[in-house]
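Encoded as structure tokens, the structure appears first; notes follow it.
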Amino acid sequence: MEIILTEVTKEYGNFQALSNITMHIPGGMFGLLGPNGAGKTTLMRILATLLVPTRGKVEIGGLDALRQGAYIRQRLGYLPQEFGFYPSLKAFELLEYIAILKNVSKSQRKSQVETVLAEVNLLDQAHRKVGTFSGGMRQRLGIAQALLGNPELLIVDEPTAGLDPEERIRFRNLLARLSKKSTVLLSTHIVADVELCDSLVVLERGRLVFSGSPVELAARASHIVWQVKVPVEQWPEVERRYTVLATQIADGTVQARLLASDPPQADAQPLAPRLEDGYMAVIQNHQKQREESHA
Ligand code: ADP
């Protein structure tokens, strides 16, 4: 499902949570990446037609989000950051209840609930109370409820926060699989979460600072990623001067991965950029531009 945003701004009082965002979501799996406070939830809620922008236009599947919100809501599933549970209900009961709220017809209710439970691999837990579920199982149940009604668009806001690494990987794979059928919008502050996305944007302080594929984001750090080895005594100076991405200490030597536009030392080794490097480069560039414009 194609989504087009044109010059979207959201103000809370005189604070701009989103500034003039123009972007195109072609479909597939789409990531919204940015640090806390970047405006991701605000944008997700606008796309879920739960929040009205102060200015700008939002088109979802050819419909105008401001005027045709009710039609759009019938075609989307939403997993908010805080998904309320009824801990004493069993998974099956909870989903049946949500299916009623979503106007799924009585004749289809049972089979749809079974289908979505199977989709997220929870069918064998259908009769267990949701209060006993692990974090990963809860998030999968959250996706199951969002899938009721066969939405063309699935919006999931920071779904991997609080999951352990194994659950996170499984959850990402689930979203990637679902994106073959529906458009999936995923917001996150964890760079690795967007590895499987077809395309993504990076937001920083309400501004769009990157738009492209994961490979293109990594390429933003081409020729500026280095590995250096320095004695521990010299480390504070290196740390002060450069953006450090990772360090390892052994035998009085610090080995570090860092960003620098020129070789930081004569024996520095150039490294191939990874997604995290590109993300840091983009964020840092934007911060620098902001500081310069305020200077
Ligand atoms: P993210 O999801 O990227 O962490 P949010 O969209 O939640 O970012 O918030 C973006 C900014 O807008 C933050 O600075 C936040 O404090 C502010 N904000 C969010 N909601 C409100 C609100 N209802 N009133 C005032 N400020 C808000």
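Chain lettering (A, B, ...) mirrors the order of the structure tokens, residue numbering begins at 1 for each chain separately, and ligand numbering begins at 1 in order of display.
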With ligand 1 as the partner and 7 Å as the cut-off, tabulate the residues of chain A that qualify, each row holding the nearest pair of atoms and their distance in Å to one decimal, using only C-alpha atoms and all ligand atoms, sorted by chain and rising number, as CSV.
residue,atom,partner,partner_atom_place_in_ligand_line,distance
A:Tyr12,CA,ligand 1,25 (C),4.9
A:Ala17,CA,ligand 1,12 (O),4.4
A:Gly34,CA,ligand 1,3 (O),6.2
A:Pro35,CA,ligand 1,3 (O),6.1
A:Asn36,CA,ligand 1,4 (O),3.7
A:Gly37,CA,ligand 1,4 (O),3.5
A:Ala38,CA,ligand 1,3 (O),3.7
A:Gly39,CA,ligand 1,6 (O),3.3
A:Lys40,CA,ligand 1,3 (O),3.7
A:Thr41,CA,ligand 1,2 (O),3.6
A:Thr42,CA,ligand 1,6 (O),3.7
A:Leu43,CA,ligand 1,6 (O),6.5
A:Gly206,CA,ligand 1,10 (C),6.9
What parts of region 11-69 of chain A does DSSP call helix (DSSP H, G or I)? I'd like the answer as a PyMOL selection string. chain A and resi 40-47+69
Which one of A:Leu79, A:Ile3, A:Val232, A:Val104 sits closest to Leu186 (chain A) if you count only C-alpha atoms? A:Leu79
Show me, as an MDAnalysis selection string, the residues that have an atom within 7 Å of Cys197 (chain A) when counting only C-alpha atoms, minus same-chain residues fewer than 5 positions from it. chainID A and resid 29:31
Would you save the residues from that selection as a short mmCIF file (atom, residue, chain, number, x, y, z; two decimals), in the first residue's frame, using C-alpha atoms?
data_model
loop_
_atom_site.label_atom_id
_atom_site.label_comp_id
_atom_site.auth_asym_id
_atom_site.auth_seq_id
_atom_site.Cartn_x
_atom_site.Cartn_y
_atom_site.Cartn_z
CA MET A 29 8.84 -3.45 4.90
CA PHE A 30 9.57 0.18 5.74
CA GLY A 31 11.61 1.39 8.72
#
Name the residues in contact with Gly131 (chain A) at a cut-off of 9 Å, using only C-alpha atoms, excluding same-chain residues fewer than 2 positions from it; report them as an MDAnalysis selection string. chainID A and resid 85:90 128:129 133:134 138
Emit the selected residues as a compact mmCIF listing (two decimals), in the first residue's frame, including all heavy atoms.
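Output file selection33.txt follows:
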# COMPACT_ATOMS: atom_id res chain seq x y z
N PHE A 85 -3.02 -5.21 27.96
CA PHE A 85 -3.43 -6.61 27.98
C PHE A 85 -4.46 -6.81 29.09
O PHE A 85 -4.50 -6.07 30.05
CB PHE A 85 -2.24 -7.53 28.26
CG PHE A 85 -1.43 -7.84 27.04
CD1 PHE A 85 -0.41 -7.01 26.65
CD2 PHE A 85 -1.71 -8.96 26.28
CE1 PHE A 85 0.33 -7.28 25.52
CE2 PHE A 85 -0.96 -9.24 25.15
CZ PHE A 85 0.06 -8.40 24.77
N TYR A 86 -5.24 -7.83 28.94
CA TYR A 86 -6.12 -8.27 30.03
C TYR A 86 -5.49 -9.56 30.52
O TYR A 86 -5.74 -10.63 29.96
CB TYR A 86 -7.53 -8.52 29.50
CG TYR A 86 -8.20 -7.29 28.96
CD1 TYR A 86 -7.95 -6.85 27.67
CD2 TYR A 86 -9.07 -6.55 29.76
CE1 TYR A 86 -8.56 -5.71 27.18
CE2 TYR A 86 -9.69 -5.42 29.28
CZ TYR A 86 -9.41 -4.99 27.99
OH TYR A 86 -10.02 -3.86 27.50
N PRO A 87 -4.67 -9.50 31.57
CA PRO A 87 -3.80 -10.64 31.90
C PRO A 87 -4.55 -11.93 32.24
O PRO A 87 -4.02 -13.01 32.05
CB PRO A 87 -2.99 -10.15 33.10
CG PRO A 87 -3.65 -8.90 33.56
CD PRO A 87 -4.46 -8.35 32.43
N SER A 88 -5.81 -11.80 32.70
CA SER A 88 -6.49 -13.03 33.09
C SER A 88 -7.24 -13.68 31.92
O SER A 88 -7.78 -14.78 32.05
CB SER A 88 -7.43 -12.78 34.26
OG SER A 88 -8.37 -11.83 33.84
N LEU A 89 -7.24 -13.00 30.75
CA LEU A 89 -7.87 -13.62 29.58
C LEU A 89 -6.89 -14.57 28.91
O LEU A 89 -5.68 -14.35 28.93
CB LEU A 89 -8.27 -12.56 28.55
CG LEU A 89 -9.50 -11.70 28.81
CD1 LEU A 89 -9.80 -10.85 27.58
CD2 LEU A 89 -10.72 -12.56 29.15
N LYS A 90 -7.44 -15.62 28.28
CA LYS A 90 -6.58 -16.49 27.48
C LYS A 90 -6.38 -15.83 26.11
O LYS A 90 -7.22 -15.02 25.69
CB LYS A 90 -7.26 -17.86 27.33
CG LYS A 90 -7.34 -18.57 28.67
CD LYS A 90 -8.17 -19.81 28.60
CE LYS A 90 -8.20 -20.44 30.00
NZ LYS A 90 -9.33 -21.35 30.16
N ARG A 128 -3.74 -20.36 26.91
CA ARG A 128 -2.96 -19.95 28.06
C ARG A 128 -3.29 -18.49 28.39
O ARG A 128 -3.53 -17.69 27.47
CB ARG A 128 -1.48 -20.09 27.69
CG ARG A 128 -0.56 -20.00 28.84
CD ARG A 128 0.82 -20.46 28.42
NE ARG A 128 1.80 -19.61 29.05
CZ ARG A 128 3.09 -19.67 28.83
NH1 ARG A 128 3.57 -20.54 27.97
NH2 ARG A 128 3.91 -18.86 29.46
N LYS A 129 -3.27 -18.15 29.70
CA LYS A 129 -3.57 -16.76 30.08
C LYS A 129 -2.43 -15.83 29.61
O LYS A 129 -1.26 -16.16 29.80
CB LYS A 129 -3.72 -16.66 31.59
CG LYS A 129 -5.02 -17.27 32.06
CD LYS A 129 -5.25 -17.03 33.53
CE LYS A 129 -6.59 -17.62 33.92
NZ LYS A 129 -6.84 -17.61 35.35
N PHE A 133 2.55 -14.77 29.61
CA PHE A 133 3.39 -14.76 28.40
C PHE A 133 4.71 -14.03 28.62
O PHE A 133 4.77 -13.06 29.38
CB PHE A 133 2.63 -14.06 27.26
CG PHE A 133 1.66 -14.93 26.51
CD1 PHE A 133 1.20 -16.12 27.04
CD2 PHE A 133 1.21 -14.55 25.25
CE1 PHE A 133 0.30 -16.92 26.34
CE2 PHE A 133 0.31 -15.34 24.55
CZ PHE A 133 -0.15 -16.52 25.09
N SER A 134 5.76 -14.45 27.90
CA SER A 134 7.05 -13.72 27.90
C SER A 134 6.90 -12.46 27.04
O SER A 134 5.90 -12.31 26.31
CB SER A 134 8.14 -14.60 27.29
OG SER A 134 7.91 -14.73 25.90
N ARG A 138 4.20 -11.76 24.05
CA ARG A 138 3.25 -10.64 24.10
C ARG A 138 3.29 -9.81 22.83
O ARG A 138 2.25 -9.40 22.32
CB ARG A 138 3.59 -9.70 25.26
CG ARG A 138 3.06 -10.19 26.55
CD ARG A 138 3.54 -9.30 27.66
NE ARG A 138 3.40 -10.05 28.89
CZ ARG A 138 2.93 -9.54 30.01
NH1 ARG A 138 2.63 -8.27 30.06
NH2 ARG A 138 2.82 -10.28 31.07
Strand (DSSP E or B) residues, from DSSP on the backbone, in region 97-294 of chain A, as a ChimeraX atom specification: /A:129,153-157,183-188,199-204,207-212,225-231,243-250,253-259,269-270
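With distances restricted to only C-alpha atoms, A:Arg170 is the closest residue to Asn121 (chain A) from A:Lys102, A:Arg75, A:Arg170, A:Arg207.
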Determine, counting only C-alpha atoms, which protein, DNA and RNA residues have an atom within 12 Å of an atom of region 53-64 of chain A; residues of the same chain fewer than 4 positions away are not included. Present the result as an MDAnalysis selection string. chainID A and resid 1:27 42:49 68:76 151:153 182:183
Using only C-alpha atoms, which of A:Arg220, A:Arg241, A:Arg257, A:Arg205 sits nearest Gln287 (chain A)? A:Arg205
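Distances from A:Leu200, A:Glu158, A:His127, A:Glu166 to Thr188 (chain A) were compared using only C-alpha atoms, and the smallest one belongs to A:Glu158.
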Pairwise distance, CA of Ala268 (chain A) with CA of Ile249 (chain A), equals 16.5 Å
